[in-house]
$ cat data-v4.cif   # mmCIF, C-alpha atoms and all ligand atoms
data_data
loop_
_atom_site.label_atom_id
_atom_site.label_comp_id
_atom_site.auth_asym_id
_atom_site.auth_seq_id
_atom_site.Cartn_x
_atom_site.Cartn_y
_atom_site.Cartn_z
CA MET A 274 0.00 0.00 0.00
CA SER A 275 1.29 3.50 -0.75
CA TYR A 276 2.46 5.61 2.18
CA VAL A 277 -0.38 8.12 1.62
CA ASP A 278 -3.04 5.38 1.71
CA GLU A 279 -1.48 3.85 4.79
CA VAL A 280 -1.59 7.15 6.66
CA LEU A 281 -5.14 7.89 5.50
CA GLU A 282 -6.25 4.53 6.88
CA LYS A 283 -4.51 5.17 10.18
CA VAL A 284 -6.09 8.62 10.52
CA VAL A 285 -9.59 7.15 10.14
CA ALA A 286 -8.87 4.27 12.53
CA LYS A 287 -7.21 6.47 15.13
CA ASN A 288 -9.71 9.32 15.05
CA PRO A 289 -13.12 7.68 14.80
CA ALA A 290 -16.28 9.81 14.44
CA GLU A 291 -14.36 12.82 13.11
CA PRO A 292 -15.60 12.94 9.48
CA GLU A 293 -14.60 16.56 8.84
CA PHE A 294 -11.07 15.86 10.02
CA HIS A 295 -10.87 12.80 7.76
CA GLN A 296 -12.13 14.91 4.85
CA ALA A 297 -9.56 17.66 5.38
CA VAL A 298 -6.68 15.19 5.69
CA LYS A 299 -7.86 13.26 2.63
CA GLU A 300 -8.05 16.40 0.52
CA VAL A 301 -4.52 17.41 1.47
CA LEU A 302 -2.80 14.02 1.31
CA GLU A 303 -4.48 12.97 -1.95
CA SER A 304 -3.16 16.05 -3.67
CA LEU A 305 0.30 15.58 -2.14
CA ARG A 306 0.67 12.09 -3.60
CA VAL A 307 3.18 13.17 -6.26
CA VAL A 308 5.33 15.01 -3.75
CA VAL A 309 5.20 12.17 -1.25
CA GLU A 310 5.98 9.56 -3.90
CA ALA A 311 9.09 11.50 -4.90
CA ASN A 312 10.36 11.31 -1.29
CA GLU A 313 8.59 8.18 -0.10
CA GLU A 314 11.52 6.43 1.57
CA LYS A 315 12.66 9.43 3.60
CA PHE A 316 9.17 10.56 4.58
CA ARG A 317 8.25 7.06 5.68
CA ARG A 318 11.39 6.61 7.78
CA ASP A 319 10.83 10.00 9.41
CA ALA A 320 7.10 9.27 9.90
CA LEU A 321 6.63 12.70 8.40
CA LEU A 322 2.95 12.32 7.51
CA GLU A 323 2.11 10.69 10.85
CA ARG A 324 3.68 13.68 12.60
CA LEU A 325 1.83 16.08 10.34
CA VAL A 326 -1.61 14.61 11.07
CA GLU A 327 -1.08 14.31 14.84
CA PRO A 328 -1.60 17.62 16.69
CA GLU A 329 1.31 18.67 18.87
CA ARG A 330 -1.18 19.23 21.68
CA GLN A 331 -4.97 19.14 22.23
CA ILE A 332 -6.57 20.94 25.14
CA LYS A 333 -10.17 20.26 26.17
CA PHE A 334 -11.75 21.95 29.15
CA ARG A 335 -14.93 22.70 31.06
CA VAL A 336 -16.48 26.15 30.65
CA PRO A 337 -19.10 26.84 33.32
CA TRP A 338 -20.99 30.13 33.21
CA VAL A 339 -24.13 31.67 34.72
CA ASP A 340 -26.97 33.10 32.61
CA ASP A 341 -29.06 36.18 33.38
CA LYS A 342 -31.60 34.13 35.33
CA GLY A 343 -28.98 32.56 37.57
CA GLN A 344 -28.95 29.23 35.73
CA VAL A 345 -25.55 27.58 35.39
CA HIS A 346 -24.52 26.19 31.98
CA VAL A 347 -21.57 24.01 31.08
CA ASN A 348 -19.92 24.15 27.67
CA THR A 349 -16.80 22.42 26.38
CA GLY A 350 -13.77 24.48 25.34
CA TYR A 351 -11.07 23.33 22.90
CA ARG A 352 -7.70 24.47 21.67
CA VAL A 353 -5.82 22.28 19.23
CA GLN A 354 -2.19 23.37 18.86
CA PHE A 355 -1.51 21.55 15.65
CA ASN A 356 1.86 22.52 14.25
CA SER A 357 4.43 25.10 15.35
CA ALA A 358 7.17 24.35 12.82
CA ILE A 359 7.06 27.78 11.19
CA GLY A 360 5.84 29.98 14.05
CA PRO A 361 3.61 30.25 17.13
CA TYR A 362 0.23 28.53 16.78
CA LYS A 363 -2.23 30.84 15.08
CA GLY A 364 -5.90 30.39 14.29
CA GLY A 365 -9.38 31.40 15.30
CA LEU A 366 -11.86 30.40 17.98
CA ARG A 367 -15.19 29.10 16.70
CA LEU A 368 -18.23 29.50 18.93
CA HIS A 369 -21.07 27.42 17.51
CA PRO A 370 -23.26 24.59 18.79
CA SER A 371 -21.84 22.25 16.11
CA VAL A 372 -18.30 22.52 17.50
CA ASN A 373 -16.63 19.27 18.57
CA LEU A 374 -13.05 18.00 18.57
CA GLY A 375 -13.22 16.71 14.99
CA ILE A 376 -14.34 20.10 13.65
CA ILE A 377 -11.60 21.93 15.53
CA LYS A 378 -9.04 19.42 14.27
CA PHE A 379 -10.12 19.84 10.65
CA LEU A 380 -9.88 23.60 11.00
CA GLY A 381 -6.52 23.39 12.78
CA PHE A 382 -5.14 21.07 10.09
CA GLU A 383 -6.27 23.42 7.30
CA GLN A 384 -4.77 26.32 9.20
CA ILE A 385 -1.24 24.83 9.06
CA PHE A 386 -1.14 25.04 5.26
CA LYS A 387 -3.10 28.28 5.03
CA ASN A 388 -0.75 30.02 7.41
CA SER A 389 2.25 28.66 5.56
CA LEU A 390 0.85 29.98 2.27
CA THR A 391 0.70 33.52 3.65
CA GLY A 392 4.51 33.51 3.73
CA LEU A 393 4.39 34.82 7.31
CA PRO A 394 5.86 33.08 10.39
CA ILE A 395 2.74 31.52 11.91
CA GLY A 396 2.03 27.91 12.86
CA GLY A 397 -1.39 26.26 12.81
CA GLY A 398 -3.96 26.00 15.59
CA LYS A 399 -7.67 26.36 16.20
CA GLY A 400 -10.06 26.38 19.11
CA GLY A 401 -13.55 27.16 20.20
CA SER A 402 -16.54 25.88 22.05
CA ASP A 403 -20.04 24.49 21.53
CA PHE A 404 -21.39 27.70 23.13
CA ASP A 405 -23.94 29.50 20.94
CA PRO A 406 -23.69 33.32 21.20
CA LYS A 407 -26.92 33.68 19.19
CA GLY A 408 -29.73 35.10 21.32
CA LYS A 409 -27.53 35.63 24.38
CA SER A 410 -27.30 38.97 26.16
CA ASP A 411 -24.00 40.87 26.22
CA ARG A 412 -23.64 39.97 29.87
CA GLU A 413 -24.08 36.27 29.16
CA VAL A 414 -21.56 36.41 26.32
CA MET A 415 -19.13 38.15 28.68
CA ALA A 416 -19.69 35.51 31.37
CA PHE A 417 -18.92 32.77 28.88
CA CYS A 418 -15.86 34.54 27.42
CA GLN A 419 -14.38 35.22 30.85
CA SER A 420 -14.82 31.62 31.95
CA PHE A 421 -13.43 30.33 28.65
CA MET A 422 -10.38 32.59 28.85
CA THR A 423 -9.73 31.79 32.52
CA GLU A 424 -8.77 28.29 31.42
CA LEU A 425 -7.38 29.07 27.95
CA SER A 426 -5.03 31.75 29.34
CA LYS A 427 -2.80 29.01 30.76
CA TYR A 428 -1.88 27.80 27.30
CA ILE A 429 -1.56 30.89 25.09
CA GLY A 430 0.70 33.93 24.74
CA ALA A 431 1.99 36.35 22.12
CA ASP A 432 4.93 34.04 21.30
CA GLU A 433 3.16 30.73 21.98
CA ASP A 434 -0.33 30.70 20.60
CA VAL A 435 -2.38 33.63 19.31
CA PRO A 436 -6.12 32.95 18.88
CA ALA A 437 -8.51 35.16 16.90
CA GLY A 438 -12.07 35.26 15.62
CA ASP A 439 -13.99 32.72 13.57
CA ILE A 440 -17.70 31.89 13.32
CA GLY A 441 -19.40 33.29 16.44
CA THR A 442 -16.31 35.12 17.66
CA GLY A 443 -16.22 38.76 16.58
CA ALA A 444 -15.01 42.05 18.03
CA ARG A 445 -17.26 41.81 21.10
CA GLU A 446 -16.04 38.34 22.11
CA ILE A 447 -12.37 39.17 21.41
CA GLY A 448 -12.71 42.26 23.61
CA TYR A 449 -14.08 40.30 26.57
CA MET A 450 -11.45 37.60 26.16
CA PHE A 451 -8.60 40.10 25.89
CA GLY A 452 -9.77 41.88 29.05
CA GLN A 453 -9.85 38.64 31.00
CA TYR A 454 -6.43 37.50 29.72
CA LYS A 455 -4.85 40.81 30.73
CA ARG A 456 -6.49 40.63 34.15
CA ILE A 457 -5.29 37.08 34.82
CA ARG A 458 -1.81 37.25 33.33
CA GLY A 459 -1.09 40.91 34.07
CA THR A 460 0.53 41.47 30.68
CA TYR A 461 -0.58 43.77 27.92
CA GLU A 462 0.46 41.74 24.92
CA GLY A 463 -0.79 40.86 21.46
CA VAL A 464 -2.20 37.53 22.59
CA LEU A 465 -5.31 37.77 20.43
CA THR A 466 -5.85 39.29 17.01
CA GLY A 467 -8.96 40.96 15.67
CA LYS A 468 -8.76 43.33 18.62
CA GLY A 469 -10.54 46.69 18.68
CA LEU A 470 -8.64 49.65 17.26
CA SER A 471 -8.38 51.35 20.67
CA TYR A 472 -6.45 48.44 22.21
CA GLY A 473 -3.99 47.13 19.65
CA GLY A 474 -6.16 46.00 16.76
CA SER A 475 -5.12 46.51 13.14
CA LEU A 476 -6.90 48.64 10.62
CA ALA A 477 -8.30 46.49 7.78
CA ARG A 478 -8.40 43.31 9.90
CA THR A 479 -12.22 43.42 9.90
CA GLU A 480 -12.33 43.61 6.11
CA ALA A 481 -9.34 41.36 5.50
CA THR A 482 -10.83 37.91 4.85
CA GLY A 483 -13.49 39.17 2.44
CA TYR A 484 -11.22 41.68 0.72
CA GLY A 485 -8.43 39.11 0.48
CA LEU A 486 -10.81 36.62 -1.11
CA LEU A 487 -11.61 39.10 -3.83
CA TYR A 488 -7.97 40.10 -4.39
CA LEU A 489 -7.13 36.45 -4.99
CA THR A 490 -10.23 35.91 -7.13
CA GLU A 491 -9.42 38.93 -9.26
CA GLU A 492 -5.86 37.68 -9.84
CA LEU A 493 -6.98 34.13 -10.54
CA LEU A 494 -9.40 35.34 -13.17
CA LYS A 495 -6.74 37.62 -14.61
CA ILE A 496 -4.14 34.86 -15.07
CA ASN A 497 -6.86 32.87 -16.82
CA GLY A 498 -7.64 35.71 -19.19
CA LYS A 499 -10.86 36.82 -17.50
CA ASP A 500 -12.02 40.04 -15.87
CA ILE A 501 -14.11 40.24 -12.70
CA ASN A 502 -15.53 43.60 -13.78
CA GLY A 503 -19.08 43.04 -15.04
CA MET A 504 -19.45 39.54 -13.62
CA THR A 505 -22.46 38.38 -11.60
CA ALA A 506 -21.64 36.69 -8.31
CA VAL A 507 -23.48 34.56 -5.79
CA VAL A 508 -22.29 34.72 -2.20
CA SER A 509 -23.42 32.50 0.68
CA GLY A 510 -23.26 33.56 4.31
CA SER A 511 -23.79 36.98 5.82
CA GLY A 512 -21.12 37.09 8.51
CA ASN A 513 -17.82 38.93 8.55
CA VAL A 514 -16.34 37.13 5.52
CA ALA A 515 -19.46 37.45 3.35
CA ILE A 516 -20.08 41.13 4.13
CA TYR A 517 -16.63 42.28 3.08
CA ALA A 518 -16.53 39.89 0.14
CA VAL A 519 -19.71 41.54 -1.16
CA GLU A 520 -18.27 44.99 -0.54
CA LYS A 521 -14.99 44.34 -2.38
CA ALA A 522 -16.65 42.40 -5.21
CA GLN A 523 -18.85 45.42 -5.86
CA GLN A 524 -15.88 47.78 -5.71
CA LEU A 525 -14.22 45.63 -8.38
CA GLY A 526 -17.26 45.94 -10.63
CA ALA A 527 -19.06 42.64 -9.97
CA LYS A 528 -22.76 42.44 -9.14
CA VAL A 529 -23.47 40.26 -6.09
CA VAL A 530 -27.07 39.05 -6.08
CA THR A 531 -27.33 36.72 -3.05
CA VAL A 532 -26.41 36.31 0.61
CA SER A 533 -27.70 33.74 3.12
CA ASP A 534 -27.94 32.79 6.78
CA SER A 535 -28.77 29.53 8.52
CA ASN A 536 -32.52 30.02 7.97
CA GLY A 537 -32.76 31.30 4.41
CA TRP A 538 -31.34 33.42 1.61
CA VAL A 539 -31.82 36.73 -0.13
CA TYR A 540 -31.94 37.35 -3.87
CA ASP A 541 -31.51 40.99 -4.81
CA PRO A 542 -31.52 41.37 -8.61
CA GLU A 543 -30.18 44.92 -8.38
CA GLY A 544 -27.20 43.87 -6.29
CA ILE A 545 -26.91 43.43 -2.51
CA ASP A 546 -27.07 46.66 -0.51
CA VAL A 547 -23.98 46.19 1.62
CA GLU A 548 -24.77 49.07 3.98
CA ALA A 549 -28.14 47.50 4.77
CA LEU A 550 -26.44 44.16 5.28
CA LYS A 551 -23.96 45.71 7.72
CA GLU A 552 -26.74 47.36 9.69
CA ILE A 553 -28.75 44.13 9.93
CA LYS A 554 -25.83 41.90 10.85
CA GLU A 555 -23.19 44.04 12.54
CA VAL A 556 -25.37 46.58 14.35
CA ASN A 557 -28.71 44.84 15.00
CA ARG A 558 -27.42 41.24 15.09
CA ALA A 559 -30.68 40.35 13.30
CA ARG A 560 -31.77 37.79 10.69
CA LEU A 561 -31.81 38.25 6.91
CA THR A 562 -35.61 38.37 6.93
CA GLU A 563 -35.04 42.05 7.78
CA TYR A 564 -33.39 42.72 4.40
CA ARG A 565 -36.70 43.24 2.55
CA LYS A 566 -37.45 46.23 4.76
CA TYR A 567 -34.45 47.97 3.20
CA ARG A 568 -34.92 46.57 -0.32
CA PRO A 569 -38.58 45.88 -1.17
CA ASN A 570 -37.65 44.55 -4.64
CA SER A 571 -35.55 41.74 -3.19
CA GLU A 572 -36.76 38.22 -2.46
CA TYR A 573 -36.33 36.21 0.75
CA HIS A 574 -36.48 32.42 0.54
CA GLU A 575 -36.50 29.90 3.37
CA GLY A 576 -33.89 27.11 3.26
CA ARG A 577 -30.94 26.85 0.89
CA GLY A 578 -30.83 27.94 -2.75
CA VAL A 579 -28.01 30.38 -3.39
CA TRP A 580 -26.24 28.01 -5.81
CA SER A 581 -29.29 27.70 -8.04
CA VAL A 582 -29.01 31.34 -9.12
CA LYS A 583 -27.29 31.92 -12.46
CA ALA A 584 -23.88 33.53 -11.91
CA ASP A 585 -20.33 33.72 -13.29
CA LEU A 586 -18.74 33.58 -9.87
CA ALA A 587 -19.63 31.61 -6.72
CA LEU A 588 -18.16 32.60 -3.37
CA PRO A 589 -19.12 30.23 -0.54
CA CYS A 590 -18.57 32.26 2.63
CA ALA A 591 -20.75 30.48 5.21
CA THR A 592 -19.39 27.22 6.64
CA GLN A 593 -18.03 23.75 5.90
CA ASN A 594 -19.76 21.43 3.43
CA GLU A 595 -22.35 23.94 2.26
CA LEU A 596 -21.78 23.39 -1.47
CA HIS A 597 -22.75 19.85 -2.50
CA LEU A 598 -22.45 17.87 -5.71
CA GLU A 599 -25.96 18.87 -6.89
CA ASP A 600 -25.05 22.52 -6.30
CA ALA A 601 -21.86 22.09 -8.32
CA LYS A 602 -23.91 20.61 -11.17
CA GLN A 603 -26.27 23.59 -11.06
CA LEU A 604 -23.40 26.05 -11.11
CA VAL A 605 -21.78 24.33 -14.09
CA ALA A 606 -25.10 24.14 -15.95
CA ASN A 607 -25.52 27.86 -15.34
CA GLY A 608 -22.11 28.69 -16.83
CA CYS A 609 -20.22 29.51 -13.64
CA VAL A 610 -16.52 30.15 -14.38
CA ALA A 611 -14.99 30.25 -10.89
CA VAL A 612 -15.64 29.09 -7.34
CA CYS A 613 -13.47 30.71 -4.68
CA GLU A 614 -13.89 29.62 -1.08
CA GLY A 615 -14.27 32.32 1.57
CA ALA A 616 -15.21 29.78 4.25
CA ASN A 617 -13.12 26.84 5.41
CA MET A 618 -13.85 23.69 3.35
CA PRO A 619 -17.33 24.83 2.19
CA THR A 620 -17.22 22.56 -0.88
CA THR A 621 -17.54 18.79 -0.47
CA LEU A 622 -14.85 16.61 -2.07
CA GLU A 623 -17.28 15.32 -4.74
CA ALA A 624 -18.42 18.83 -5.59
CA THR A 625 -14.81 20.03 -5.86
CA GLU A 626 -13.93 17.18 -8.21
CA TYR A 627 -16.99 17.87 -10.36
CA LEU A 628 -16.18 21.58 -10.65
CA GLN A 629 -12.56 20.89 -11.56
CA ALA A 630 -13.51 18.19 -14.07
CA ASN A 631 -15.86 20.66 -15.75
CA GLY A 632 -13.31 23.41 -16.20
CA VAL A 633 -14.44 25.69 -13.36
CA LEU A 634 -11.54 27.59 -11.76
CA PHE A 635 -11.54 26.43 -8.15
CA ALA A 636 -9.60 28.24 -5.41
CA PRO A 637 -9.58 26.34 -2.09
CA GLY A 638 -10.24 28.16 1.18
CA LYS A 639 -6.76 27.66 2.55
CA ALA A 640 -5.52 29.94 -0.23
CA ALA A 641 -8.55 32.10 -0.95
CA ASN A 642 -9.48 33.00 2.62
CA ALA A 643 -5.93 33.35 3.95
CA GLY A 644 -6.23 37.15 3.98
CA GLY A 645 -7.82 37.09 7.44
CA VAL A 646 -5.06 35.25 9.17
CA ALA A 647 -2.41 37.06 7.10
CA THR A 648 -3.70 40.37 8.41
CA SER A 649 -3.77 38.88 11.90
CA ALA A 650 -0.05 38.24 11.46
CA LEU A 651 0.33 41.88 10.41
CA GLU A 652 -1.52 42.83 13.60
CA MET A 653 1.04 40.75 15.55
CA SER A 654 3.87 42.62 13.82
CA GLN A 655 2.34 45.98 14.71
CA ASN A 656 1.84 44.88 18.34
CA SER A 657 5.48 43.74 18.54
CA GLU A 658 6.80 47.06 17.32
CA ARG A 659 4.12 48.97 19.27
CA LEU A 660 3.04 50.87 16.20
CA SER A 661 -0.11 51.07 14.08
CA TRP A 662 -0.01 51.16 10.32
CA SER A 663 -2.52 53.05 8.16
CA PHE A 664 -5.46 51.32 6.48
CA GLU A 665 -3.82 51.78 3.08
CA GLU A 666 -0.55 50.27 4.25
CA VAL A 667 -2.22 47.14 5.64
CA ASP A 668 -4.57 46.81 2.67
CA GLU A 669 -1.68 47.09 0.25
CA LYS A 670 0.29 44.39 2.08
CA LEU A 671 -2.84 42.20 2.13
CA LYS A 672 -3.26 42.58 -1.61
CA GLU A 673 0.37 41.74 -2.23
CA ILE A 674 0.08 38.62 -0.05
CA MET A 675 -3.06 37.40 -1.87
CA VAL A 676 -1.53 37.98 -5.31
CA ASN A 677 1.56 36.04 -4.18
CA ILE A 678 -0.55 33.16 -2.87
CA CYS A 679 -2.34 33.02 -6.21
CA HIS A 680 0.91 32.77 -8.15
CA ASN A 681 2.51 30.35 -5.69
CA MET A 682 -0.37 27.89 -5.95
CA ASP A 683 -0.41 28.27 -9.73
CA ASP A 684 3.36 27.69 -9.96
CA ALA A 685 3.35 24.71 -7.58
CA ALA A 686 0.61 23.02 -9.62
CA LYS A 687 2.57 23.60 -12.83
CA ARG A 688 5.81 22.29 -11.29
CA TYR A 689 4.14 18.95 -10.66
CA GLY A 690 2.36 18.77 -14.01
CA MET A 691 -1.09 19.63 -12.63
CA GLU A 692 -1.65 23.01 -14.25
CA GLY A 693 -4.91 24.61 -13.18
CA ASN A 694 -5.37 22.30 -10.18
CA TYR A 695 -5.24 24.95 -7.48
CA VAL A 696 -6.22 22.51 -4.72
CA ALA A 697 -3.04 20.57 -5.39
CA GLY A 698 -1.05 23.76 -5.93
CA ALA A 699 -2.13 25.30 -2.62
CA ASN A 700 -1.53 22.11 -0.68
CA ILE A 701 1.89 21.56 -2.23
CA ALA A 702 3.04 25.16 -1.76
CA GLY A 703 1.84 25.20 1.87
CA PHE A 704 3.30 21.77 2.59
CA GLU A 705 6.78 22.46 1.20
CA LYS A 706 7.59 25.20 3.69
CA VAL A 707 6.24 23.29 6.69
CA VAL A 708 8.15 20.14 5.72
CA ASP A 709 11.35 22.06 5.23
CA ALA A 710 11.03 23.57 8.72
CA MET A 711 10.05 20.22 10.27
CA ASN A 712 13.03 18.49 8.68
CA ALA A 713 15.41 21.19 9.83
CA GLN A 714 14.18 20.96 13.43
CA GLY A 715 14.67 17.21 13.83
CA ILE A 716 12.28 14.70 15.34
CA VAL A 717 10.18 16.85 17.67
N1 LIG B 801 -10.56 32.17 11.66
C1 LIG B 801 -9.82 32.74 10.58
C2 LIG B 801 -9.33 31.63 9.68
O1 LIG B 801 -10.03 30.66 9.48
C3 LIG B 801 -8.77 33.73 11.04
C4 LIG B 801 -7.74 33.17 11.98
C5 LIG B 801 -6.78 34.22 12.55
O2 LIG B 801 -6.87 35.38 12.20
O3 LIG B 801 -5.94 33.79 13.35
O4 LIG B 801 -8.29 31.69 9.08
#

$ encode --input "data-v4.cif" --output "C-alpha cells"
Amino acid sequence: MSYVDEVLEKVVAKNPAEPEFHQAVKEVLESLRVVVEANEEKFRRDALLERLVEPERQIKFRVPWVDDKGQVHVNTGYRVQFNSAIGPYKGGLRLHPSVNLGIIKFLGFEQIFKNSLTGLPIGGGKGGSDFDPKGKSDREVMAFCQSFMTELSKYIGADEDVPAGDIGTGAREIGYMFGQYKRIRGTYEGVLTGKGLSYGGSLARTEATGYGLLYLTEELLKINGKDINGMTAVVSGSGNVAIYAVEKAQQLGAKVVTVSDSNGWVYDPEGIDVEALKEIKEVNRARLTEYRKYRPNSEYHEGRGVWSVKADLALPCATQNELHLEDAKQLVANGCVAVCEGANMPTTLEATEYLQANGVLFAPGKAANAGGVATSALEMSQNSERLSWSFEEVDEKLKEIMVNICHNMDDAAKRYGMEGNYVAGANIAGFEKVVDAMNAQGIV
C-alpha cells in the first residue's frame, strides 16, 4: 500500500467519528501524492505524515458560566495546537453549537497550510466551544468569554499561541477575552488578534478575509484571461467574511445578487445593498428576513438555494460542506466560471472534483481566505513594534500577499504537471515550507 493510503487509513482508525477531520486530511494528502511519492523512503522513515496529522497538543476543558436568570450552563472548550514548525500557533476560535473536537481538528489542520501559504511566520492552531452566542445577552456572552479565557489563558501567549475570531467570535467576544487575559496574566500583549482599534487591533483586519478573497479571485481570473468587472456573483453567508466579500466584489465591478444565513437566503436582482447588510448583521445582530425592509424589490427564501441562481462567480462564505455535488452541477449548468472559497472547506470533495472536471476555476479556502489570518499576522507585527499602520498600508500588504498566494499555488501546480489544479497547488506550496522547517528541526 502506498504511504499516503497507509496514513489515511490510520487517521480514520485512530480518530473515529471525526468525518470533517478525515475529509480535510484526505483532501490534502491525496493532492500531495506526487510530492510524497518523490520522497517516499525518507518521509516514511521520518514518519513525516504521521507527525503532520497528529496535533502537537490538544486541550479540552470545562467552561461553566451563569446566565441572566442565575442558571448555570456548562460548555466544552477546545484548543488544538496543531503545528508550530514555522511559528507560534495561530488560528481562530469558533463559537457554535456544532463545535466538537473533529471540527476543531479539521480547522486546525487546514490552518497549518493556510498560514504557511501567507509567507508569514505563523504555525497552525484552532479552538472554540459548543457555546452559541446567538440570542444571548452581552452579559451572558461576557460571562462565557471570561470563563473560557480563565482556562485558555494558561496555554496561550503572544509568542506561543495567538487565537482570533472565527464563526461566532467577533469584536465583542475578542474584547471580553482580551480583558480577561490581561487581568489574569497581568501582561498587555498581542495575545489575540482581531482586537478593537483602541487596544492594539489593526486597521483592515475586519475587512481582510473578504477583501483578500476578492484580491485572490481577481488575480486568478486575470491569469486565466478573464475580468471580474461586469461579472455576476453569488455569495453564501452573511457574517464577517461574506459582508466584506460583497463589498470588495462590488468595488471591483461585480454584481453580487445573493447572501444567506442559517434560515434562508436573499436574492436581490439589483445587487446586494452592503450598507443595509452591515446594519442588519453588525449593528442589530438580526436575521436576513429584515433585508426586505431595506430593499422591497428583493426576495427572501427559506432554506438553501443560493447556488441555483445563475452567476459567473460563486463565493461560498458560510461554513463547511455547504456546497454539494448537486449545487456544483447547477453552477456548471448555469455557466459559472470560478468558485473561490471564503469559508473553510465549504465545498464537499465530490463537488470540488466535479467543478474541476468541468473546467471551473476552483480556489480552495486555505488559499482564498488566507487574507484574514495574514492580516492577523500583520496585527502581531504591529503589536510587537508597538506601532499602528494606516489602512492603506495594511490593505496594500494584504493585496500583495493574496496575489503572491495566487501565483505560488499556480506555480506549484505547474511544477508537478497539474496546471490549473489549485487545490493541489495550494496544498503543495503550503506543505513544502512546513516540511522544510520540520526536517530542519529534527524529530520533535
Ligand atoms: N478564523 C480565521 C481563519 O479561518 C482567522 C484566523 C486568525 O486570524 O488567526 O483563518

$ residues_around --input "data-v4.cif" --residues "Cys418 of chain A" --least-positions-apart "6" --cutoff "7 Å" --atoms "all atoms listed in the file" --output "PyMOL selection string"
chain A and resi 446+449-450

$ residues_near_ligand --input "data-v4.cif" --ligand "ligand LIG 801 (chain B)" --cutoff "6 Å" --atoms "all atoms listed in the file" --output "PyMOL selection string"
chain A and resi 363-365+436-439+643+645-646+649

$ closest_atom_pairs --input "data-v4.cif" --of "segment 537-650 of chain A" --to "segment 295-311 of chain A" --cutoff "10 Å" --atoms "all atoms listed in the file" --output "Markdown table"
| residue | atom | partner | partner_atom | distance |
| --- | --- | --- | --- | --- |
| A:Asn617 | CA | A:Ala297 | CA | 9.8 |
| A:Met618 | CA | A:Ala297 | CA | 7.7 |
| A:Thr621 | CA | A:Gln296 | CA | 8.5 |
| A:Leu622 | CA | A:Glu300 | CA | 7.3 |
| A:Thr625 | CA | A:Glu300 | CA | 10.0 |

$ atom_distance --input "data-v4.cif" --atom1 "atom CA of Val605 of chain A" --atom2 "atom CA of Leu390 of chain A"
28.5 Å

$ closest_residue --input "data-v4.cif" --among "A:Cys613, A:Arg568, A:Tyr472, A:Leu465" --to "Gly544 of chain A" --atoms "all atoms listed in the file"
A:Arg568
